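**Student:** The structure that follows is given in the form of structure tokens.
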Amino acid sequence: MPPFVLVDGSYFLFRAFHALPPLTTSTGLQTNAIRGAISAIQKLMRRVQPTHMAVIFDTPEPTFRHQLSPIYKGDRPSMPDELAQQIPYLHALIRALGIPLHMLPGAEADDIIGTLAKRAEAAGHQVLISTGDKDMAQLVTEKVTLEDSFKDKPMNIEGVIEKFGVRPDQIIDYLTLMGDASDGIKGVPGVGAKTAAKLLNEYGNLQNIIANADNIKGKVGLNIKENQDGIKLDHQLASIIIDLDMGLTYDDLKLTDPNVEELRNLYTELEFRNQLQSLDHPNNPNSTAYKQTSKQIEKTAQNTEKNNDQAISSSVDDQLGQATYHTILTQADWEQFFKRLSTEKRFAIDTETTSLDYRVAEIVGFSVAFDAKDAYYIPLAHDYEGAPEQLNRDVILQHIKPILEDVTVEKIGHHLKYDAHIFENHGIHLQGWYFDTMLASYVLNSVATRHGMDDVARVYLSHLTTSFEQIAGKGVKQKTFNQIELETAAHYAAEDAHVTYRLYEVLNRKLKEIPELSGILHNIEMPVARVLTIMEENGIALNLAFLDQLSVDFAETIQNLENQIIEIAGESFNVGSPKQVGEVLFEKLGLKGGKKTATGQYSTSEAILEKIDHPITSLIIEYRGLTKLKSTYTEGLSKQANNETHRVHTSYHQALTATGRLSSTDPNLQNIPVREEIGRQIRKAFIAPQGRVLLAADYSQIELRLMAHFSQDEALVHAFNHGQDVHRRTASEVLGVALEDVTNDQRRQAKAVNFGLLYGMSEFGLIRQLGFTREESQNYIKQYFHRYPGIYEYMQRTRQVASEQGFVETIMGRRLYTPDIDARNMMVRKAAERAAINAPLQGSAAEIIKMAMIEVDKILPKDQAKLLLQVHDELVFEVDEVIADELAKQIQDVMQKVCTLSVPLLVEVGKGNNWDEAH
């Protein structure tokens with residue numbers, strides 16, 4: 001089957017115009033762009049012989065990107081008249097040739113191409129995109145290839161890597177970092193193509209680069225930290241939309257017979273003599289032998305135009321939403337609004353604040369939508385010069401407090417946890433959480449999109465929301481919401497409530513079609529969000545003096561490590577510079593194993609360094625790890641602690657990971673290396689106040705127990721039901737020591753091997769993990785699956801299920817989608833298979849700990865105990881010392897009974913004055 005061909009018509013137009021001399025007709029009409037573009041399109045068609053294709057053009061109307069950024073494509077010169085006058089003729093020729101042509105006001109050609117390419121790919125078609133636009137490299141996959149038809153140079157995944165030094169899935173981040181002056185994408189100052197590729201090769205993606213900005217030396221790291229708002233905007237500008245509502249089917253993109261009479265008229269007017277003569281040649285596809293009747297041609301054209309009109313109309317209707325937005329400024333308007341608010345039993349609500357940081361944010365106003373027809377904004381604290389008089393904030397908040405705290409009044413929100421914090425800051429305890437559209441989107445499909453309102457509205461409503469940057473600006477000049485003019489702010493705020501209500505209608509309907517997912521939203525995610533709100537408010541106390549001393553100790557150790565590294569190297573260099581490290585290791589010392597990236601710089605990632613048997617590499621790894629711990633924890637934690645309470649309040653995120661696990665930021669408390677002594681030192685800084693202790697309740701071997709449940713492997717089920725330590729027994733067999741002599745470190749090593757094998761670790765992984773020979777690794781794997789045949793069958797069964805239905809399920813029925821499970825690239829497919837095997841285990845473990853949080857919260861005596869942290873399979877509590885032992889038993893009992901498996905759930909509870917002691 002030939003590929004589905006998508007032609008970037010705008011690129012062909014400009015390329016031909018600038019490449020060919022200014023050919024003109026006898027009437028003075030310039031035709032070089034028409035001739036060149038049509039010639040290139042026909043050459044492409046002769047070579048590929050497609051059955052379906054489309055030529056896509058930009059329109060002169062501004063797009064959402066122009067709304068996002070006033071400088072978007074601002075540096076591009078206006079179109080010359082000599083080119084503009086050729087466009088209608090080119091469009092007419094393409095249509096007369098029977099080639100589908102599409103445009104959509106408000107959307108760029110890139111977005112239409114991206115949407116059609118992804119649809120065709122999803123339907124199993126190979127796709128060829130003909131363009132010279134480097135931005136479209138982000139669309140390349142196993143099924144989608146680029147080529148510049150003026151150069152006949154195709155570009156697949158390997159071609160993208162060769163040209164740019166990064167993978168296709170890194171192109172958006174690449175463009176964001178390096179910028180593009182022609183598009184008005186500023187990029188990060190000091191970052192060009194080589195630096196962008198180098199950073200992405202070292203850190204993997206933009207998110208990791210930002211997270212590691214402190215470790216990136218020089219102005220680049222500083223610029224990344226100082227330009228995060230600009231980076232976010234640039235990322236939006238660089239991202240091609242792949243889910244436009246085009247109102248097209250694949251059949252609409254089928255090539256049709258040419259309209260010979262229309263071609264004759266056009267060729268005559270354009271004075272294309274050779275093409276005119278060819279129309280009557282019997283072997284020419286455009287000759288009368290191939291023509292269809294005028295009526296058929298007219299019908300095809302009308303259908304194509306109708307589809308375009310419907311797509312445009314649908315897009316406009318979706319964006320306007322047929323809603324009316326109201327601003328409440330007078331007492332009379334408020335009383336009328338409040339009368340309805342007091343009687344409605346369900347509404348969407350959204351807060352506008354002075355900051356995204358819930359810990360310091362104050363409310364500026366709030367918006368409400370009772371249905372999809374109207375939305376209301378109640379401004380309370382806009383204080384810019386000339387701002388109109390507004391209702392008294394304290395009075396209004398006291399007025400709505402009983403309604404917001406009424407559990408029988410159902411509240412709909414997008415990220416309700418944030419709004420709950422804001423109301424809590426003003427003494428209002430939000431109750432009646434009913435539907436969170438962010439969490440609903442996440443439960444429906446965690447990997448379909450990011451789950452911020454802008455993304456969810458675009459995916460499920462085909463609606464482009466007004467972004468905050470559009471109304472507030474960006475960077476250091478960005479206004480806070482209270483400084484934004486009321487007319488602008490009111491529309492933005494009312495839209496938030498309106499869109500939230502519309503998302504509720506759509507997502508609620510979709511979830512009801514899959515009862516298990518609806519149950520997960522209402523019985524797990526929503527209740528957990530309420531518990532997380534309390535946990536974030538609670539925070540955990542820090543011993544700042546201990547942290548300060550630890551930071552001093554770390555600095556001394558780091559300096560000693562640096563001295564040792566320089567002594568071994570035989571020369572002074574910047575140990576924190578990956579470039580200089582690479583030069584020292586692979587050029588100065590001549591170590592084997594050096595690999596240069598596309599930028600010409602040696603890779604010095606941990607994976608590379610671990611393979612090199614030399615004292616200097618282990619010292620460099622230790623140096624890097626300690627430097628990161630120092631900046632992130634011993635220094636970072638102190639900066640993030642509340643000045644008065646010395647408590648640190650992490651933020652938990654429910655809608656980030658693919659499997660349902662929670663993540664935390666500011667600070668991230670889930671990446672402390674607890675198994676290393678240095679990590680345990682950091683945990684000592686987390687303390688209980690006087691008169692209280694910390695309890696740490698940890699599910700033991702939960703994912704392996706879930707493997708026993710899912711696989712029903714007799715040996716594994718038997719081991720857990722009879723209290724055997726699976727990891728200790730594995731260590732005994734592998735290391736050849738008596739069961740009673742296995743140390744805790746040896747057991748942890750065996751645990752890593754057990755889980756590694758479960759999730760697809762190869763024999764080479766075992767060689768690296770334990771120092772096995774290849775033969776020993778092969779024998780171990782063979783012996784392992786001989787002992788546990790049910791595990792092998794589970795792995796095979798899961799791969800098959802993932803391939804057949806495109807998702808796997810957790811114990812509660814959450815669907816975890818596996819989009820790469822049938823990828824032609826073996827490495828991508830194998831990674832997807834490993835993820836599919838792991839996902840039900842990790843996702844089910846996440847559900848169990850969430851259910852435990854919900855149930856434990858019900859039994860806690862709130863005046864004597866607080867739930868503070870959730871870290872993977874562990875919950876941390878702050879408890880009055882006098883009730884600690886008794887409460888520990890109750891917590892253990894609740895957590896062990898929260899879910900019934902084929903094997904018992906085991907919870908270990910520890911107690912101590914600090915987090916480390918509680919382990």
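Each chain of the structure tokens is named A, B, ... in the order shown, its residues numbered from 1; ligands are numbered from 1 in display order.
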Which neighbours of range 261-274 of chain A fall inside 7 Å, counting only C-alpha atoms, when residues of the same chain fewer than 4 positions from it are skipped, and could you give them as a PDB file with N, CA and C atoms, in the first residue's frame?

**Tutor:**
ATOM      1  N   THR A  25       2.995  35.968 -17.399  1.00  0.00           N
ATOM      2  CA  THR A  25       2.164  35.803 -18.596  1.00  0.00           C
ATOM      3  C   THR A  25       2.178  37.097 -19.397  1.00  0.00           C
ATOM      4  N   LEU A  93      -5.895  25.085  -9.243  1.00  0.00           N
ATOM      5  CA  LEU A  93      -5.239  24.015  -9.994  1.00  0.00           C
ATOM      6  C   LEU A  93      -5.207  22.714  -9.209  1.00  0.00           C
ATOM      7  N   ALA A  96      -8.593  21.221  -9.213  1.00  0.00           N
ATOM      8  CA  ALA A  96      -8.947  20.727 -10.545  1.00  0.00           C
ATOM      9  C   ALA A  96      -8.225  19.425 -10.869  1.00  0.00           C
ATOM     10  N   SER A 278      -0.873  18.582 -23.148  1.00  0.00           N
ATOM     11  CA  SER A 278      -0.868  17.233 -22.575  1.00  0.00           C
ATOM     12  C   SER A 278      -2.262  16.744 -22.217  1.00  0.00           C
TER      13      SER A 278
END

**Student:** Env of Pro105 in chain A: 9 Å cut, atoms = only C-alpha atoms, seq-sep filter 2 positions within chain, self excluded. Answer as a ChimeraX atom specification.

**Tutor:** /A:58-63,103,107-108,312

**Student:** Would you save the residues from that selection as a PDB file, in the first residue's frame, using C-alpha atoms?

**Tutor:**
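And here's part.pdb as it stands now:
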ATOM      1  CA  ASP A  58      -2.133  28.362   5.970  1.00  0.00           C
ATOM      2  CA  THR A  59      -4.803  31.063   6.024  1.00  0.00           C
ATOM      3  CA  PRO A  60      -4.205  34.789   6.648  1.00  0.00           C
ATOM      4  CA  GLU A  61      -6.291  34.765   9.848  1.00  0.00           C
ATOM      5  CA  PRO A  62      -4.383  34.901  13.154  1.00  0.00           C
ATOM      6  CA  THR A  63      -4.132  31.669  15.141  1.00  0.00           C
ATOM      7  CA  MET A 103      -7.365  25.032   5.185  1.00  0.00           C
ATOM      8  CA  ALA A 107      -5.264  26.872  12.538  1.00  0.00           C
ATOM      9  CA  GLU A 108      -1.867  26.601  10.912  1.00  0.00           C
ATOM     10  CA  ILE A 312     -14.956  25.909  10.494  1.00  0.00           C
TER      11      ILE A 312
END

**Student:** What parts of range 641-770 of chain A does DSSP call alpha helix (DSSP H)? I'd like the answer as number ranges by chain.

**Tutor:** A: 677-683, 702-711, 714-721, 726-735, 744-758, 763-770

**Student:** Would you give me, as a Markdown table, each residue of range 479-592 of chain A having an atom within 8 Å of an atom of range 427-438 of chain A, along with its shortest atom pair and that distance in Å to one decimal, using only C-alpha atoms and sorting by chain and residue number?

**Tutor:**
| residue | atom | partner | partner_atom | distance |
| --- | --- | --- | --- | --- |
| A:Thr500 | CA | A:Thr437 | CA | 6.7 |
| A:Leu503 | CA | A:Thr437 | CA | 6.4 |
| A:Tyr504 | CA | A:Thr437 | CA | 5.9 |
| A:Leu507 | CA | A:Thr437 | CA | 7.2 |
| A:His522 | CA | A:Phe435 | CA | 7.7 |
| A:Met526 | CA | A:Asp436 | CA | 7.2 |

**Student:** Find the residues around range 338-353 of chain A up to 9 Å (only C-alpha atoms counted), leave out those fewer than 5 positions away in its own chain, and share them as a ChimeraX atom specification.

**Tutor:** /A:333,358,361-371,379,399-400,403,408-414,416,418-419,422-423,434-435,480-482,493-494,496-498,500-501,504

**Student:** Just want the 10 Å neighbourhood of Asn574 in chain A, counted on only C-alpha atoms, with same-chain residues fewer than 6 positions away dropped. Output as number ranges by chain.

**Tutor:** A: 217, 562, 566, 580-581

**Student:** With N, CA and C atoms retained, could you export that selection as an mmCIF file, in the first residue's frame?

**Tutor:**
data_model
loop_
_atom_site.group_PDB
_atom_site.id
_atom_site.type_symbol
_atom_site.label_atom_id
_atom_site.label_comp_id
_atom_site.auth_asym_id
_atom_site.auth_seq_id
_atom_site.Cartn_x
_atom_site.Cartn_y
_atom_site.Cartn_z
ATOM 1 N N LYS A 217 25.999 24.414 34.635
ATOM 2 C CA LYS A 217 26.918 25.485 34.992
ATOM 3 C C LYS A 217 26.777 26.681 34.059
ATOM 4 N N GLU A 562 36.316 16.224 45.041
ATOM 5 C CA GLU A 562 36.864 16.997 43.925
ATOM 6 C C GLU A 562 38.386 16.940 43.914
ATOM 7 N N ILE A 566 40.662 15.358 40.849
ATOM 8 C CA ILE A 566 41.682 16.166 40.163
ATOM 9 C C ILE A 566 43.057 15.505 40.301
ATOM 10 N N GLN A 580 33.974 18.964 30.261
ATOM 11 C CA GLN A 580 35.358 18.805 30.721
ATOM 12 C C GLN A 580 35.609 17.417 31.297
ATOM 13 N N VAL A 581 34.601 16.853 31.959
ATOM 14 C CA VAL A 581 34.733 15.487 32.474
ATOM 15 C C VAL A 581 34.977 14.521 31.325
#
